[in-house]
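One structure below.
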Amino acid sequence: MATWLVAAAVAAFPTWEEWQYRLVPGSFEIIGCAGMGWPETSPLDPLRGDLDALLMDVEAWAIPSLLILGALLACLRGRDPRRVGRRTAGVLVLIAVVKPATPLYSSPEDCGGGIPILSAEWFATVLDSWGSTQVCLIGAAALILLVTWRAGDGTSSSTGVIWRRAVALLVDYAVVLVLLTFVVGPIMWLTDWPSLSLDYGLLNRATISLDDIDLDGLPVLLVVFLYFWGQHRLWGQTLGKRLMGIHVSSAHMALRTLIFPILVFVPFVGPLVLIVNGMWTLLDPEDRALHDRFLNTEVARSA
């Protein structure tokens with residue numbers, strides 16, 4: 001148990017650093033440039049923006065440490081330590097590797113503009129951004145693998161749908177972006193709605209708050225809901241799930257489908273709930289997400 005607690009403490013160090021920076025920010029300089037033209041965009045910009053928003057919350061709210069403590073609790077309750085350890089360590093390493101690739105980088109030269117994604121300069125900048133966060137998360141993952149490597153009997157009750165669900169979600173995410181960009185965007189332009197920009201992702205287009213509802217973003221919310229609800233209602237699977245060979249069995253399809261688009265568009269709380277929902281799946285005995293537990297639904301492999 002001591003090794004688990006040390007790993008949780010190590011994984012919490014980046015959170016401590018983040019809050020130190022937020023509470024006592026250093027000095028910075030803002031440079032304005034005229035005549036630079038439009039910044040370069042990439043089809044990966046929406047994904048980059050959404051991952052950046054999610055990983056900022058992951059770091060700020062100590063999700064890696066909470067995941068480790070949750071994994072420890074799962075092991076104490078009889079889960080296979082080897083399987084739990086591999087999953088937890090894998091997620092920690094994934095966070096460490098992906099996080100430096102999500103910020104929007106700009107050239108160090110004055111008025112140099114943004115650095116195009118996947119360019120040689122971008123790769124060099126990403127590698128140069130590795131620091132204490134990566135060291136701590138990868139170190140915590142190593143500690144977990146060390147303590148669980150020979151634990152358990154090696155048996156696994158995994159349903160084999162976790163990675164399929166993740167890939168299916170990426171496929172559906174890409175399809176939704178294509179629909180919004182090439183179908184909804186032109187329609188909004190023709191009907192005098194404000195122009196639709198997805199350069200910073202869906203999570204940055206929050207349309208629902210306690211104070212008001214931003215009507216400009218409602219078409220996006222409607223498309224996201226109809227895409228998931230329509231396919232789940234007709235076939236029990238979206239395009240992404242069909243490609244991955246999984247389907248949903250639910251008596252509350254409309255309510256289940258409504259959860260995801262609502263959380264995507266609720267500021268502050270929504271992304272955090274999405275993160276917790278996903279992390280729950282890693283430790284659930286039947287690989288269910290939190291909303292599946294709540295609604296007694298299941299995502300299973302198709303026959």
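If you're wondering about the labels, chains in the structure tokens are A, B, ... by order shown, residues count from 1 in each chain, ligands from 1 in order shown.
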
Practice task
Write out as a PyMOL selection string the residues lying within 8 Å of Leu239 in chain A, counting only C-alpha atoms and excluding same-chain residues fewer than 5 positions away.
Solution key: chain A and resi 168+171-172+231

Restrict the selected residues to N, CA, C and O atoms and save them as a PDB file, in the first residue's frame.
ATOM      1  N   ALA A 168     -14.104   4.148 -31.056  1.00  0.00           N
ATOM      2  CA  ALA A 168     -15.421   4.486 -31.614  1.00  0.00           C
ATOM      3  C   ALA A 168     -15.763   5.944 -31.353  1.00  0.00           C
ATOM      4  O   ALA A 168     -16.320   6.631 -32.223  1.00  0.00           O
ATOM      5  N   VAL A 171     -13.905   8.143 -33.764  1.00  0.00           N
ATOM      6  CA  VAL A 171     -14.527   8.091 -35.087  1.00  0.00           C
ATOM      7  C   VAL A 171     -15.784   8.964 -35.123  1.00  0.00           C
ATOM      8  O   VAL A 171     -15.978   9.770 -36.050  1.00  0.00           O
ATOM      9  N   ASP A 172     -16.634   8.820 -34.112  1.00  0.00           N
ATOM     10  CA  ASP A 172     -17.862   9.618 -34.061  1.00  0.00           C
ATOM     11  C   ASP A 172     -17.550  11.102 -33.922  1.00  0.00           C
ATOM     12  O   ASP A 172     -18.240  11.954 -34.495  1.00  0.00           O
ATOM     13  N   GLN A 231     -28.929   7.296 -34.215  1.00  0.00           N
ATOM     14  CA  GLN A 231     -28.314   6.001 -34.519  1.00  0.00           C
ATOM     15  C   GLN A 231     -28.507   4.990 -33.385  1.00  0.00           C
ATOM     16  O   GLN A 231     -28.758   3.809 -33.639  1.00  0.00           O
TER      17      GLN A 231
END

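The smallest atom-to-atom distance between Thr181 in chain A and any of A:Trp235, A:Leu54, A:Ala62, A:Pro46, using only C-alpha atoms, is found for A:Pro46.
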
Handout entry: Neighbour list for Ile95 in chain A as a ChimeraX atom specification, cut-off 10 Å, only C-alpha atoms, skip fewer than 2 positions in-chain
Key = /A:55,58-59,64,89-93,97-100,133-134,137-138

For Gly139 in chain A, find every residue with an atom within 8 Å (counting only C-alpha atoms), except residues of its own chain fewer than 4 positions away, and show them as a PDB file with N, CA, C and O atoms, in the first residue's frame.
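After the write, part_32.pdb holds the following:
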ATOM      1  N   ALA A   7       3.123   6.693  -5.128  1.00  0.00           N
ATOM      2  CA  ALA A   7       2.795   6.965  -6.533  1.00  0.00           C
ATOM      3  C   ALA A   7       1.742   8.066  -6.639  1.00  0.00           C
ATOM      4  O   ALA A   7       1.834   8.953  -7.501  1.00  0.00           O
ATOM      5  N   VAL A  10       3.445  11.371  -5.902  1.00  0.00           N
ATOM      6  CA  VAL A  10       4.268  11.795  -7.036  1.00  0.00           C
ATOM      7  C   VAL A  10       3.394  12.351  -8.156  1.00  0.00           C
ATOM      8  O   VAL A  10       3.701  13.387  -8.758  1.00  0.00           O
ATOM      9  N   VAL A 135       7.855  13.616 -16.010  1.00  0.00           N
ATOM     10  CA  VAL A 135       8.691  12.817 -15.116  1.00  0.00           C
ATOM     11  C   VAL A 135       7.851  12.228 -13.984  1.00  0.00           C
ATOM     12  O   VAL A 135       7.964  11.039 -13.647  1.00  0.00           O
ATOM     13  N   LEU A 143       6.076   3.017 -10.699  1.00  0.00           N
ATOM     14  CA  LEU A 143       5.870   2.505  -9.344  1.00  0.00           C
ATOM     15  C   LEU A 143       4.682   1.546  -9.298  1.00  0.00           C
ATOM     16  O   LEU A 143       4.733   0.496  -8.644  1.00  0.00           O
TER      17      LEU A 143
END

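Residues of range 35-272 of chain A assigned to strand (DSSP E) by DSSP on this structure's backbone: Ile246, His247, Val248 and Ser249 of chain A.
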
Since we have the selection now, will you write its residues out, keeping N, CA, C and O atoms, as a PDB file, in the first residue's frame?
ATOM      1  N   ILE A 246     -19.253  -3.015 -31.567  1.00  0.00           N
ATOM      2  CA  ILE A 246     -19.910  -2.949 -30.262  1.00  0.00           C
ATOM      3  C   ILE A 246     -21.261  -2.278 -30.413  1.00  0.00           C
ATOM      4  O   ILE A 246     -21.532  -1.580 -31.404  1.00  0.00           O
ATOM      5  N   HIS A 247     -22.147  -2.489 -29.436  1.00  0.00           N
ATOM      6  CA  HIS A 247     -23.464  -1.884 -29.473  1.00  0.00           C
ATOM      7  C   HIS A 247     -23.925  -1.592 -28.044  1.00  0.00           C
ATOM      8  O   HIS A 247     -23.349  -2.100 -27.077  1.00  0.00           O
ATOM      9  N   VAL A 248     -24.985  -0.799 -27.939  1.00  0.00           N
ATOM     10  CA  VAL A 248     -25.543  -0.405 -26.643  1.00  0.00           C
ATOM     11  C   VAL A 248     -26.875  -1.106 -26.444  1.00  0.00           C
ATOM     12  O   VAL A 248     -27.708  -1.142 -27.351  1.00  0.00           O
ATOM     13  N   SER A 249     -27.060  -1.669 -25.258  1.00  0.00           N
ATOM     14  CA  SER A 249     -28.365  -2.207 -24.878  1.00  0.00           C
ATOM     15  C   SER A 249     -28.908  -1.342 -23.757  1.00  0.00           C
ATOM     16  O   SER A 249     -28.315  -1.257 -22.690  1.00  0.00           O
TER      17      SER A 249
END

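Interatomic distance, CA of Gly85 in chain A to CA of Leu274 in chain A: 22.1 Å.
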
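For the residues A:Thr281, A:Thr125, A:Thr102, A:Thr148, ranking by smallest atom-to-atom distance to Thr3 in chain A using only C-alpha atoms places A:Thr148 first.
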
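Closest approach to Ile162 in chain A from the set A:Met244, A:Leu66, A:Leu258, A:Leu47 is made by A:Met244, with distances taken over only C-alpha atoms.
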
Handout entry: Residue list (helix (DSSP H, G or I), DSSP) for range 4-175 of chain A, as a VMD selection string
Key = chain A and resid 4 to 23 45 to 60 63 to 76 81 to 101 120 to 128 132 to 148 162 to 175

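Remark: for Ala71 in chain A, the closest of the candidate residues A:Val175, A:Ala2, A:Ala140, A:Leu282 is A:Leu282 (distances computed over only C-alpha atoms).
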
Practice task
Using only C-alpha atoms, determine which residues lie at most 8 Å from range 190-196 of chain A, disregarding the query and same-chain residues fewer than 3 positions distant; provide the list as a list in words.
Solution key: Thr181, Gly185, Pro186, Ile187 and Asp216 of chain A

Exercise for the section: Go through A:Ser129, A:Ser107, A:Ser197, A:Ser65 and flag the residue nearest Ile144 in chain A, using only C-alpha atoms for the distances. Expected result: A:Ser65
